[in-house]
$ cat data_19.cif   # mmCIF, C-alpha atoms and all ligand atoms
data_start
loop_
_atom_site.group_PDB
_atom_site.id
_atom_site.type_symbol
_atom_site.label_atom_id
_atom_site.label_comp_id
_atom_site.auth_asym_id
_atom_site.auth_seq_id
_atom_site.Cartn_x
_atom_site.Cartn_y
_atom_site.Cartn_z
ATOM 1 C CA MET A 1245 -6.979 -12.750 -205.038
ATOM 2 C CA LYS A 1246 -5.339 -11.284 -201.969
ATOM 3 C CA GLN A 1247 -7.236 -8.707 -199.942
ATOM 4 C CA LYS A 1248 -5.775 -5.235 -199.608
ATOM 5 C CA VAL A 1249 -4.440 -3.752 -196.379
ATOM 6 C CA VAL A 1250 -3.272 -0.201 -195.785
ATOM 7 C CA VAL A 1251 -0.236 0.396 -193.571
ATOM 8 C CA THR A 1252 -0.074 4.016 -192.537
ATOM 9 C CA ARG A 1253 3.686 4.266 -191.828
ATOM 10 C CA ARG A 1254 6.977 2.506 -192.499
ATOM 11 C CA ILE A 1255 7.124 -0.555 -190.242
ATOM 12 C CA PRO A 1256 9.828 -3.143 -189.514
ATOM 13 C CA GLN A 1257 10.410 -5.620 -192.356
ATOM 14 C CA LYS A 1258 9.534 -8.552 -190.092
ATOM 15 C CA ALA A 1259 5.985 -7.227 -189.730
ATOM 16 C CA LEU A 1260 5.734 -6.341 -193.400
ATOM 17 C CA ASP A 1261 6.755 -9.892 -194.346
ATOM 18 C CA ILE A 1262 3.805 -11.258 -192.347
ATOM 19 C CA LEU A 1263 1.409 -8.927 -194.091
ATOM 20 C CA GLU A 1264 2.803 -9.540 -197.566
ATOM 21 C CA LYS A 1265 2.343 -13.282 -197.174
ATOM 22 C CA HIS A 1266 -1.388 -12.819 -196.757
ATOM 23 C CA ALA A 1267 -2.388 -9.550 -198.350
ATOM 24 C CA GLU A 1268 -1.762 -6.997 -201.022
ATOM 25 C CA VAL A 1269 -0.078 -4.278 -199.011
ATOM 26 C CA TYR A 1270 -0.146 -0.538 -199.489
ATOM 27 C CA VAL A 1271 2.470 1.157 -197.266
ATOM 28 C CA TRP A 1272 2.863 4.849 -196.644
ATOM 29 C CA ASP A 1273 6.616 4.313 -196.572
ATOM 30 C CA SER A 1274 7.757 7.313 -194.575
ATOM 31 C CA GLU A 1275 9.666 7.368 -191.318
ATOM 32 C CA GLU A 1276 8.631 10.867 -190.305
ATOM 33 C CA GLN A 1277 5.623 12.112 -192.203
ATOM 34 C CA PRO A 1278 2.167 10.813 -191.327
ATOM 35 C CA ILE A 1279 0.091 9.667 -194.265
ATOM 36 C CA PRO A 1280 -1.816 12.673 -195.686
ATOM 37 C CA ARG A 1281 -5.485 12.408 -194.863
ATOM 38 C CA HIS A 1282 -6.633 12.463 -198.503
ATOM 39 C CA ILE A 1283 -4.320 9.560 -199.371
ATOM 40 C CA LEU A 1284 -5.538 7.551 -196.399
ATOM 41 C CA LEU A 1285 -9.143 8.159 -197.428
ATOM 42 C CA GLN A 1286 -8.345 7.191 -201.004
ATOM 43 C CA GLU A 1287 -6.376 4.043 -200.140
ATOM 44 C CA VAL A 1288 -8.945 2.614 -197.705
ATOM 45 C CA GLU A 1289 -11.678 2.584 -200.364
ATOM 46 C CA ASP A 1290 -10.914 -1.021 -201.349
ATOM 47 C CA ALA A 1291 -9.111 -2.119 -198.168
ATOM 48 C CA ALA A 1292 -10.059 -4.990 -195.867
ATOM 49 C CA GLY A 1293 -7.673 -3.883 -193.140
ATOM 50 C CA ILE A 1294 -5.899 -0.827 -191.772
ATOM 51 C CA PHE A 1295 -2.615 -1.045 -189.860
ATOM 52 C CA SER A 1296 -2.593 2.261 -187.998
ATOM 53 C CA ILE A 1297 -0.373 4.112 -185.573
ATOM 54 C CA LEU A 1298 -1.133 6.882 -183.082
ATOM 55 C CA THR A 1299 -0.903 9.680 -185.621
ATOM 56 C CA GLU A 1300 -3.911 8.550 -187.651
ATOM 57 C CA ARG A 1301 -7.432 9.472 -186.702
ATOM 58 C CA ILE A 1302 -9.563 6.467 -187.596
ATOM 59 C CA ASP A 1303 -13.064 7.877 -187.356
ATOM 60 C CA THR A 1304 -16.473 7.789 -189.016
ATOM 61 C CA GLU A 1305 -15.109 9.489 -192.128
ATOM 62 C CA VAL A 1306 -12.557 6.700 -192.597
ATOM 63 C CA PHE A 1307 -15.117 3.965 -191.896
ATOM 64 C CA GLU A 1308 -17.539 5.569 -194.383
ATOM 65 C CA GLN A 1309 -14.844 5.546 -197.060
ATOM 66 C CA ALA A 1310 -13.983 1.897 -196.470
ATOM 67 C CA PRO A 1311 -17.017 -0.284 -197.220
ATOM 68 C CA MET A 1312 -14.915 -3.485 -197.312
ATOM 69 C CA LEU A 1313 -13.155 -2.841 -194.008
ATOM 70 C CA LYS A 1314 -12.995 -5.868 -191.695
ATOM 71 C CA VAL A 1315 -10.384 -4.845 -189.140
ATOM 72 C CA VAL A 1316 -8.293 -1.977 -187.781
ATOM 73 C CA SER A 1317 -5.041 -2.918 -186.075
ATOM 74 C CA ASN A 1318 -3.292 -0.239 -184.037
ATOM 75 C CA MET A 1319 0.412 -0.564 -183.330
ATOM 76 C CA ALA A 1320 -0.009 0.703 -179.755
ATOM 77 C CA VAL A 1321 -1.706 -0.308 -176.580
ATOM 78 C CA GLY A 1322 -3.647 2.976 -176.478
ATOM 79 C CA VAL A 1323 -6.422 3.354 -179.024
ATOM 80 C CA ASP A 1324 -7.496 6.921 -178.375
ATOM 81 C CA ASN A 1325 -6.798 7.751 -182.048
ATOM 82 C CA ILE A 1326 -9.615 5.395 -183.044
ATOM 83 C CA ASP A 1327 -13.346 5.939 -182.647
ATOM 84 C CA LEU A 1328 -13.811 2.674 -180.798
ATOM 85 C CA ALA A 1329 -17.552 3.089 -180.298
ATOM 86 C CA GLU A 1330 -18.074 3.633 -184.012
ATOM 87 C CA ALA A 1331 -15.877 0.652 -184.930
ATOM 88 C CA THR A 1332 -17.782 -1.513 -182.471
ATOM 89 C CA ARG A 1333 -21.131 -0.299 -183.795
ATOM 90 C CA ARG A 1334 -20.018 -1.366 -187.256
ATOM 91 C CA GLY A 1335 -18.802 -4.743 -185.988
ATOM 92 C CA ILE A 1336 -15.168 -3.939 -186.801
ATOM 93 C CA PRO A 1337 -12.623 -5.391 -184.380
ATOM 94 C CA VAL A 1338 -9.869 -3.015 -183.309
ATOM 95 C CA GLY A 1339 -6.583 -4.729 -182.539
ATOM 96 C CA HIS A 1340 -3.962 -3.325 -180.184
ATOM 97 C CA THR A 1341 -0.690 -4.407 -178.560
ATOM 98 C CA PRO A 1342 -0.945 -4.707 -174.777
ATOM 99 C CA GLY A 1343 1.544 -6.621 -172.646
ATOM 100 C CA ILE A 1344 4.620 -6.622 -174.834
ATOM 101 C CA LEU A 1345 5.460 -2.973 -174.206
ATOM 102 C CA THR A 1346 4.824 -3.000 -170.463
ATOM 103 C CA GLU A 1347 8.379 -3.416 -169.185
ATOM 104 C CA THR A 1348 9.939 -1.109 -171.781
ATOM 105 C CA THR A 1349 7.426 1.615 -170.966
ATOM 106 C CA ALA A 1350 8.026 1.145 -167.240
ATOM 107 C CA ASP A 1351 11.802 1.389 -167.829
ATOM 108 C CA LEU A 1352 11.397 4.713 -169.599
ATOM 109 C CA THR A 1353 8.964 5.988 -166.988
ATOM 110 C CA PHE A 1354 11.524 5.280 -164.315
ATOM 111 C CA ALA A 1355 14.369 6.710 -166.413
ATOM 112 C CA LEU A 1356 12.352 9.909 -166.857
ATOM 113 C CA LEU A 1357 11.606 10.040 -163.142
ATOM 114 C CA MET A 1358 15.308 9.690 -162.337
ATOM 115 C CA ALA A 1359 16.452 12.116 -165.027
ATOM 116 C CA THR A 1360 13.998 14.736 -163.767
ATOM 117 C CA ALA A 1361 14.744 14.242 -160.070
ATOM 118 C CA ARG A 1362 18.528 14.303 -160.558
ATOM 119 C CA ARG A 1363 18.535 16.999 -163.262
ATOM 120 C CA LEU A 1364 20.430 14.865 -165.756
ATOM 121 C CA VAL A 1365 19.509 16.963 -168.769
ATOM 122 C CA ASP A 1366 20.673 20.162 -167.031
ATOM 123 C CA ALA A 1367 23.881 18.438 -165.989
ATOM 124 C CA VAL A 1368 24.692 17.193 -169.499
ATOM 125 C CA GLN A 1369 24.098 20.655 -170.927
ATOM 126 C CA PHE A 1370 26.139 22.237 -168.149
ATOM 127 C CA ILE A 1371 29.219 20.175 -168.939
ATOM 128 C CA LYS A 1372 28.854 20.611 -172.716
ATOM 129 C CA ASP A 1373 28.541 24.382 -172.284
ATOM 130 C CA GLY A 1374 31.919 24.417 -170.495
ATOM 131 C CA LYS A 1375 30.327 25.663 -167.269
ATOM 132 C CA TRP A 1376 31.980 23.080 -165.014
ATOM 133 C CA LYS A 1377 34.615 25.065 -163.159
ATOM 134 C CA SER A 1378 34.853 23.066 -159.927
ATOM 135 C CA TRP A 1379 33.048 20.596 -157.695
ATOM 136 C CA SER A 1380 30.705 22.557 -155.504
ATOM 137 C CA PRO A 1381 28.517 21.420 -152.558
ATOM 138 C CA MET A 1382 25.117 22.345 -153.928
ATOM 139 C CA LEU A 1383 25.884 22.290 -157.646
ATOM 140 C CA LEU A 1384 23.074 20.702 -159.734
ATOM 141 C CA THR A 1385 21.441 19.210 -156.687
ATOM 142 C CA GLY A 1386 18.125 17.443 -157.185
ATOM 143 C CA GLN A 1387 15.623 15.364 -155.259
ATOM 144 C CA GLU A 1388 16.072 12.037 -153.469
ATOM 145 C CA ILE A 1389 14.621 8.959 -155.140
ATOM 146 C CA TYR A 1390 15.641 6.127 -152.823
ATOM 147 C CA GLY A 1391 13.107 5.818 -150.013
ATOM 148 C CA ALA A 1392 10.838 8.594 -151.377
ATOM 149 C CA THR A 1393 7.063 8.264 -151.796
ATOM 150 C CA ILE A 1394 5.767 7.484 -155.274
ATOM 151 C CA GLY A 1395 2.085 7.904 -156.132
ATOM 152 C CA ILE A 1396 1.037 5.927 -159.187
ATOM 153 C CA ILE A 1397 -2.228 6.975 -160.795
ATOM 154 C CA GLY A 1398 -3.486 4.058 -162.874
ATOM 155 C CA MET A 1399 -2.443 0.655 -161.530
ATOM 156 C CA GLY A 1400 -2.716 -1.368 -164.736
ATOM 157 C CA ARG A 1401 0.065 -3.478 -166.221
ATOM 158 C CA ILE A 1402 2.455 -0.556 -166.642
ATOM 159 C CA GLY A 1403 1.601 0.907 -163.238
ATOM 160 C CA GLU A 1404 2.433 -2.402 -161.642
ATOM 161 C CA ALA A 1405 5.730 -2.652 -163.552
ATOM 162 C CA VAL A 1406 6.654 0.862 -162.383
ATOM 163 C CA ALA A 1407 5.724 -0.116 -158.810
ATOM 164 C CA LYS A 1408 8.114 -3.104 -159.034
ATOM 165 C CA ARG A 1409 10.939 -0.780 -160.006
ATOM 166 C CA ALA A 1410 9.983 1.611 -157.201
ATOM 167 C CA ALA A 1411 10.079 -1.278 -154.711
ATOM 168 C CA GLY A 1412 13.704 -1.871 -155.760
ATOM 169 C CA PHE A 1413 14.440 1.686 -154.643
ATOM 170 C CA ASP A 1414 12.721 1.082 -151.316
ATOM 171 C CA MET A 1415 10.104 3.649 -152.199
ATOM 172 C CA ASN A 1416 6.891 4.003 -150.301
ATOM 173 C CA ILE A 1417 4.310 3.060 -152.958
ATOM 174 C CA LEU A 1418 0.870 4.685 -153.088
ATOM 175 C CA TYR A 1419 -1.590 4.149 -155.905
ATOM 176 C CA HIS A 1420 -4.936 5.302 -157.164
ATOM 177 C CA ASN A 1421 -6.997 3.182 -159.523
ATOM 178 C CA ARG A 1422 -10.607 2.586 -160.553
ATOM 179 C CA SER A 1423 -10.530 -0.606 -158.559
ATOM 180 C CA ARG A 1424 -8.357 -1.831 -155.707
ATOM 181 C CA ARG A 1425 -5.440 -4.175 -156.557
ATOM 182 C CA PRO A 1426 -5.100 -6.518 -153.567
ATOM 183 C CA ASP A 1427 -2.405 -8.502 -155.441
ATOM 184 C CA VAL A 1428 -0.187 -5.439 -155.833
ATOM 185 C CA GLU A 1429 -0.942 -4.326 -152.283
ATOM 186 C CA LYS A 1430 0.233 -7.713 -151.041
ATOM 187 C CA GLN A 1431 3.267 -8.245 -153.295
ATOM 188 C CA LEU A 1432 4.659 -4.721 -153.316
ATOM 189 C CA ASN A 1433 3.247 -3.305 -150.150
ATOM 190 C CA ALA A 1434 1.440 -0.669 -152.228
ATOM 191 C CA GLN A 1435 -1.237 1.338 -150.470
ATOM 192 C CA TYR A 1436 -4.421 2.585 -152.066
ATOM 193 C CA ARG A 1437 -5.242 6.269 -151.687
ATOM 194 C CA PRO A 1438 -8.081 8.486 -152.908
ATOM 195 C CA LEU A 1439 -6.600 10.791 -155.560
ATOM 196 C CA GLU A 1440 -6.466 13.901 -153.351
ATOM 197 C CA GLU A 1441 -4.558 12.064 -150.622
ATOM 198 C CA LEU A 1442 -2.136 10.522 -153.091
ATOM 199 C CA LEU A 1443 -1.384 13.968 -154.531
ATOM 200 C CA ARG A 1444 -0.791 15.459 -151.080
ATOM 201 C CA GLU A 1445 1.483 12.661 -149.872
ATOM 202 C CA SER A 1446 3.639 11.843 -152.909
ATOM 203 C CA ASP A 1447 7.128 13.055 -153.769
ATOM 204 C CA PHE A 1448 6.593 11.651 -157.266
ATOM 205 C CA VAL A 1449 3.216 11.563 -158.978
ATOM 206 C CA VAL A 1450 3.275 9.242 -161.982
ATOM 207 C CA LEU A 1451 0.328 9.342 -164.364
ATOM 208 C CA LEU A 1452 -0.385 6.092 -166.201
ATOM 209 C CA THR A 1453 -4.100 6.138 -166.969
ATOM 210 C CA PRO A 1454 -5.472 5.534 -170.459
ATOM 211 C CA SER A 1455 -7.023 8.488 -172.267
ATOM 212 C CA THR A 1456 -10.804 8.349 -171.910
ATOM 213 C CA PRO A 1457 -13.523 10.993 -171.517
ATOM 214 C CA GLU A 1458 -13.273 10.391 -167.733
ATOM 215 C CA THR A 1459 -9.510 11.023 -167.590
ATOM 216 C CA TYR A 1460 -9.570 14.103 -169.846
ATOM 217 C CA ARG A 1461 -7.517 16.800 -168.047
ATOM 218 C CA MET A 1462 -7.797 14.913 -164.772
ATOM 219 C CA MET A 1463 -4.599 16.692 -163.690
ATOM 220 C CA GLY A 1464 -5.533 20.367 -163.541
ATOM 221 C CA GLU A 1465 -5.025 23.394 -161.327
ATOM 222 C CA GLU A 1466 -6.844 21.879 -158.371
ATOM 223 C CA GLN A 1467 -4.750 18.704 -158.513
ATOM 224 C CA PHE A 1468 -1.382 20.466 -158.945
ATOM 225 C CA ASN A 1469 -2.305 22.740 -156.016
ATOM 226 C CA LEU A 1470 -2.546 19.661 -153.803
ATOM 227 C CA MET A 1471 0.985 18.498 -154.622
ATOM 228 C CA GLN A 1472 4.019 19.376 -152.508
ATOM 229 C CA PRO A 1473 6.415 22.116 -153.656
ATOM 230 C CA ASN A 1474 9.263 19.582 -153.911
ATOM 231 C CA ALA A 1475 7.143 17.042 -155.794
ATOM 232 C CA ILE A 1476 7.769 15.846 -159.330
ATOM 233 C CA PHE A 1477 5.087 15.041 -161.884
ATOM 234 C CA ILE A 1478 5.751 12.342 -164.491
ATOM 235 C CA ASN A 1479 3.458 11.634 -167.436
ATOM 236 C CA THR A 1480 3.983 8.684 -169.766
ATOM 237 C CA SER A 1481 0.274 8.110 -170.416
ATOM 238 C CA ARG A 1482 -1.416 10.597 -172.726
ATOM 239 C CA GLY A 1483 -1.122 14.373 -172.934
ATOM 240 C CA LYS A 1484 -4.881 14.839 -172.960
ATOM 241 C CA ASN A 1485 -4.993 13.656 -169.352
ATOM 242 C CA VAL A 1486 -3.303 16.900 -168.289
ATOM 243 C CA ASP A 1487 -4.299 20.560 -168.411
ATOM 244 C CA GLU A 1488 -0.993 21.869 -169.766
ATOM 245 C CA THR A 1489 -1.700 25.492 -168.864
ATOM 246 C CA ALA A 1490 -2.305 24.477 -165.254
ATOM 247 C CA LEU A 1491 0.886 22.385 -165.311
ATOM 248 C CA TYR A 1492 2.883 25.288 -166.734
ATOM 249 C CA ASN A 1493 1.573 27.634 -164.028
ATOM 250 C CA ALA A 1494 2.290 25.124 -161.256
ATOM 251 C CA LEU A 1495 5.889 24.697 -162.478
ATOM 252 C CA LYS A 1496 6.449 28.384 -163.086
ATOM 253 C CA GLU A 1497 5.042 29.417 -159.713
ATOM 254 C CA GLY A 1498 7.002 26.733 -157.850
ATOM 255 C CA LYS A 1499 3.870 24.892 -156.696
ATOM 256 C CA ILE A 1500 5.621 21.731 -157.863
ATOM 257 C CA TRP A 1501 9.344 21.193 -158.363
ATOM 258 C CA ALA A 1502 9.622 19.651 -161.836
ATOM 259 C CA ALA A 1503 7.921 17.569 -164.488
ATOM 260 C CA GLY A 1504 9.053 14.758 -166.765
ATOM 261 C CA LEU A 1505 6.818 14.493 -169.809
ATOM 262 C CA ASP A 1506 6.835 11.941 -172.619
ATOM 263 C CA VAL A 1507 3.408 12.875 -173.979
ATOM 264 C CA PHE A 1508 1.620 16.105 -174.845
ATOM 265 C CA ASP A 1509 -1.841 17.360 -175.651
ATOM 266 C CA LYS A 1510 -0.761 18.092 -179.219
ATOM 267 C CA GLU A 1511 1.987 15.920 -180.677
ATOM 268 C CA PRO A 1512 4.467 16.855 -181.907
ATOM 269 C CA ILE A 1513 4.505 19.673 -179.347
ATOM 270 C CA ASP A 1514 5.331 23.059 -180.820
ATOM 271 C CA PRO A 1515 9.012 23.860 -180.029
ATOM 272 C CA ASP A 1516 7.788 27.291 -178.858
ATOM 273 C CA HIS A 1517 5.333 25.775 -176.387
ATOM 274 C CA PRO A 1518 5.671 27.523 -172.986
ATOM 275 C CA LEU A 1519 6.274 24.194 -171.200
ATOM 276 C CA LEU A 1520 9.493 23.677 -173.172
ATOM 277 C CA SER A 1521 10.825 27.049 -172.036
ATOM 278 C CA LEU A 1522 10.902 25.929 -168.400
ATOM 279 C CA PRO A 1523 14.204 24.712 -166.942
ATOM 280 C CA ASN A 1524 12.387 22.273 -164.660
ATOM 281 C CA VAL A 1525 10.760 20.295 -167.489
ATOM 282 C CA VAL A 1526 12.344 17.215 -169.023
ATOM 283 C CA ALA A 1527 10.511 16.571 -172.275
ATOM 284 C CA LEU A 1528 10.693 13.539 -174.539
ATOM 285 C CA PRO A 1529 9.028 12.853 -177.916
ATOM 286 C CA HIS A 1530 6.640 10.009 -176.904
ATOM 287 C CA ILE A 1531 9.313 7.298 -176.758
ATOM 288 C CA ALA A 1532 8.235 5.230 -173.752
ATOM 289 C CA SER A 1533 7.988 1.973 -175.717
ATOM 290 C CA ALA A 1534 10.843 2.818 -178.086
ATOM 291 C CA SER A 1535 13.339 0.003 -177.805
ATOM 292 C CA ILE A 1536 14.180 -1.735 -181.084
ATOM 293 C CA ALA A 1537 13.007 -5.083 -179.727
ATOM 294 C CA THR A 1538 9.716 -3.806 -178.313
ATOM 295 C CA ARG A 1539 8.743 -1.683 -181.298
ATOM 296 C CA THR A 1540 9.474 -4.679 -183.551
ATOM 297 C CA LYS A 1541 7.335 -6.954 -181.359
ATOM 298 C CA MET A 1542 4.532 -4.388 -181.404
ATOM 299 C CA ALA A 1543 4.638 -4.213 -185.210
ATOM 300 C CA VAL A 1544 4.637 -8.012 -185.515
ATOM 301 C CA LEU A 1545 1.691 -8.365 -183.128
ATOM 302 C CA ALA A 1546 -0.203 -5.637 -184.955
ATOM 303 C CA ALA A 1547 0.481 -7.436 -188.255
ATOM 304 C CA GLU A 1548 -0.760 -10.730 -186.788
ATOM 305 C CA ASN A 1549 -3.891 -9.028 -185.501
ATOM 306 C CA LEU A 1550 -4.497 -7.515 -188.924
ATOM 307 C CA VAL A 1551 -4.053 -10.824 -190.749
ATOM 308 C CA ALA A 1552 -6.410 -12.561 -188.301
ATOM 309 C CA GLY A 1553 -8.979 -9.815 -188.914
ATOM 310 C CA ILE A 1554 -8.935 -10.008 -192.691
ATOM 311 C CA MET A 1555 -9.165 -13.811 -192.481
ATOM 312 C CA GLY A 1556 -12.227 -13.478 -190.249
ATOM 313 C CA GLU A 1557 -10.399 -15.046 -187.311
ATOM 314 C CA LYS A 1558 -10.223 -13.924 -183.689
ATOM 315 C CA LEU A 1559 -7.562 -11.274 -183.026
ATOM 316 C CA LYS A 1560 -4.967 -11.899 -180.310
ATOM 317 C CA HIS A 1561 -5.911 -8.619 -178.619
ATOM 318 C CA THR A 1562 -8.935 -6.469 -179.310
ATOM 319 C CA ALA A 1563 -9.708 -3.146 -177.665
ATOM 320 C CA ASN A 1564 -13.468 -3.200 -178.383
ATOM 321 C CA PRO A 1565 -15.575 -3.419 -175.231
HETATM 322 C C1 LIG B 1 1.030 3.055 -176.781
HETATM 323 O O1 LIG B 1 1.313 1.897 -177.124
HETATM 324 O O2 LIG B 1 -0.119 3.407 -176.544
HETATM 325 C C2 LIG B 1 2.168 4.005 -176.618
HETATM 326 O O3 LIG B 1 1.821 5.269 -176.310
HETATM 327 C C3 LIG B 1 3.123 3.920 -177.791
HETATM 328 O O4 LIG B 1 3.838 2.784 -177.466
#
$ encode --input "data_19.cif" --output "structure tokens"
Amino acid sequence: MKQKVVVTRRIPQKALDILEKHAEVYVWDSEEQPIPRHILLQEVEDAAGIFSILTERIDTEVFEQAPMLKVVSNMAVGVDNIDLAEATRRGIPVGHTPGILTETTADLTFALLMATARRLVDAVQFIKDGKWKSWSPMLLTGQEIYGATIGIIGMGRIGEAVAKRAAGFDMNILYHNRSRRPDVEKQLNAQYRPLEELLRESDFVVLLTPSTPETYRMMGEEQFNLMQPNAIFINTSRGKNVDETALYNALKEGKIWAAGLDVFDKEPIDPDHPLLSLPNVVALPHIASASIATRTKMAVLAAENLVAGIMGEKLKHTANP
């Protein structure tokens, strides 16, 4: 008899086909609505595997409800929705999807940087509102990108891919990371800086660290105060890495020039959230990896990880320490 797996959201057919070949599959088949908690808890009771996405909290309560659980496979590189320590303590491998979303996420990070610096969202709205009366010297002027200084916080795979794009724009590349990256320093002429120096020197500060207890609200009032008044803050990592009240104040008081945000402390962000009322914020609904090809690859890899886990084989990528 096939083992049961629980898929917590509608996923591409290609990934579902892989799962259905090897398992009895329960799918919460909704595009928009996360699986209700009580249904998740009910469905995992006899499940050997969970295919999860960022919206599901996979914690002790879930593990307690799932005595047959062998594997959790997250369709994301980040696993901050999963109690990794608890999974590890129980000997449950947690799969994730690093690598395949790197370039797509870097593309969006750079697109957000450019859209924010050159006020693309304002400009689109301006023309649609019929406000374009004539060409004018300082109309919708933004910040320079070519040749500017970019400070990348978190020089992992995605940080490096963003640095490559920045090099194409002849940007001066600074970075801050837990450990030095001599390879990136050599190839891209990136220079390491302590965080405070990076914040002081950068025209663009791009946050790309994972969400951990150490990075929780690492960008707060003190950090925004160090940035230049014409600087732009970009976050495509996790919302929890930022103190949103401090960010709002910095933007409102003109301590920094603008922000481009793909992630928020609470997702979905409330449409009435003060940050969304600011004209100098470009906000996106957590879409950094959202190309059709990449999301499909992520789902397929997550399915392969899940199948490996229920078969007792080694996963392609595990997030457990
Ligand atoms: C991830 O993979 O962690 C992203 O945030 C979603 O692609």
$ resolve_selection --input "data_19.cif" --expression "the PyMOL selection byres (((not hetatm)) within 8 of (chain B and resi 1))" --output "JSON list (two decimals) with C-alpha atoms, keeping the file's coordinate frame"
[["chain", "number", "residue", "atom", "x", "y", "z"],
["A", 1298, "LEU", "CA", -1.13, 6.88, -183.08],
["A", 1319, "MET", "CA", 0.41, -0.56, -183.33],
["A", 1320, "ALA", "CA", -0.01, 0.70, -179.76],
["A", 1321, "VAL", "CA", -1.71, -0.31, -176.58],
["A", 1322, "GLY", "CA", -3.65, 2.98, -176.48],
["A", 1323, "VAL", "CA", -6.42, 3.35, -179.02],
["A", 1341, "THR", "CA", -0.69, -4.41, -178.56],
["A", 1342, "PRO", "CA", -0.94, -4.71, -174.78],
["A", 1345, "LEU", "CA", 5.46, -2.97, -174.21],
["A", 1349, "THR", "CA", 7.43, 1.62, -170.97],
["A", 1480, "THR", "CA", 3.98, 8.68, -169.77],
["A", 1481, "SER", "CA", 0.27, 8.11, -170.42],
["A", 1482, "ARG", "CA", -1.42, 10.60, -172.73],
["A", 1530, "HIS", "CA", 6.64, 10.01, -176.90],
["A", 1531, "ILE", "CA", 9.31, 7.30, -176.76],
["A", 1532, "ALA", "CA", 8.24, 5.23, -173.75],
["A", 1533, "SER", "CA", 7.99, 1.97, -175.72],
["A", 1534, "ALA", "CA", 10.84, 2.82, -178.09],
["A", 1539, "ARG", "CA", 8.74, -1.68, -181.30]]
$ closest_residue --input "data_19.cif" --among "A:Leu1491, A:Ala1547, A:Val1316, A:Val1251" --to "Lys1265 (chain A)" --atoms "all atoms listed in the file"
A:Ala1547
$ residues_around --input "data_19.cif" --residues "region 1401-1411 of chain A" --least-positions-apart "5" --cutoff "10 Å" --atoms "only C-alpha atoms" --output "PyMOL selection string"
chain A and resi 1342-1343+1345-1354+1389-1396+1416-1421+1425+1427-1428+1431-1434+1450-1453+1480-1481
$ residues_near_point --input "data_19.cif" --point "(13.4, 13.7, -165.8)" --cutoff "8 Å" --atoms "only C-alpha atoms" --output "number ranges by chain"
A: 1355-1365, 1478, 1503-1505, 1525-1527
$ atom_distance --input "data_19.cif" --atom1 "CA of Tyr1460 (chain A)" --atom2 "CA of Ser1446 (chain A)"
21.6 Å
$ build_atoms --input "data_19.cif" --residues "region 1470-1481 of chain A" --atoms "N, CA and C atoms" --output "tab-separated table (two decimals), in the frame of the given file"
chain	number	residue	atom	x	y	z
A	1470	LEU	N	-2.62	20.59	-154.94
A	1470	LEU	CA	-2.55	19.66	-153.80
A	1470	LEU	C	-1.15	19.06	-153.63
A	1471	MET	N	-0.35	19.14	-154.69
A	1471	MET	CA	0.98	18.50	-154.62
A	1471	MET	C	1.95	19.33	-153.79
A	1472	GLN	N	3.03	18.68	-153.34
A	1472	GLN	CA	4.02	19.38	-152.51
A	1472	GLN	C	4.96	20.21	-153.39
A	1473	PRO	N	5.53	21.27	-152.84
A	1473	PRO	CA	6.42	22.12	-153.66
A	1473	PRO	C	7.69	21.40	-154.12
A	1474	ASN	N	8.07	20.31	-153.45
A	1474	ASN	CA	9.26	19.58	-153.91
A	1474	ASN	C	8.88	18.34	-154.74
A	1475	ALA	N	7.60	18.25	-155.10
A	1475	ALA	CA	7.14	17.04	-155.79
A	1475	ALA	C	7.40	17.13	-157.30
A	1476	ILE	N	7.49	15.95	-157.89
A	1476	ILE	CA	7.77	15.85	-159.33
A	1476	ILE	C	6.62	15.10	-160.01
A	1477	PHE	N	6.19	15.65	-161.14
A	1477	PHE	CA	5.09	15.04	-161.88
A	1477	PHE	C	5.66	14.37	-163.14
A	1478	ILE	N	5.28	13.10	-163.32
A	1478	ILE	CA	5.75	12.34	-164.49
A	1478	ILE	C	4.54	11.88	-165.29
A	1479	ASN	N	4.57	12.11	-166.60
A	1479	ASN	CA	3.46	11.63	-167.44
A	1479	ASN	C	3.98	10.83	-168.62
A	1480	THR	N	3.68	9.52	-168.60
A	1480	THR	CA	3.98	8.68	-169.77
A	1480	THR	C	2.69	8.03	-170.26
A	1481	SER	N	1.56	8.69	-169.98
A	1481	SER	CA	0.27	8.11	-170.42
A	1481	SER	C	-0.18	8.78	-171.70
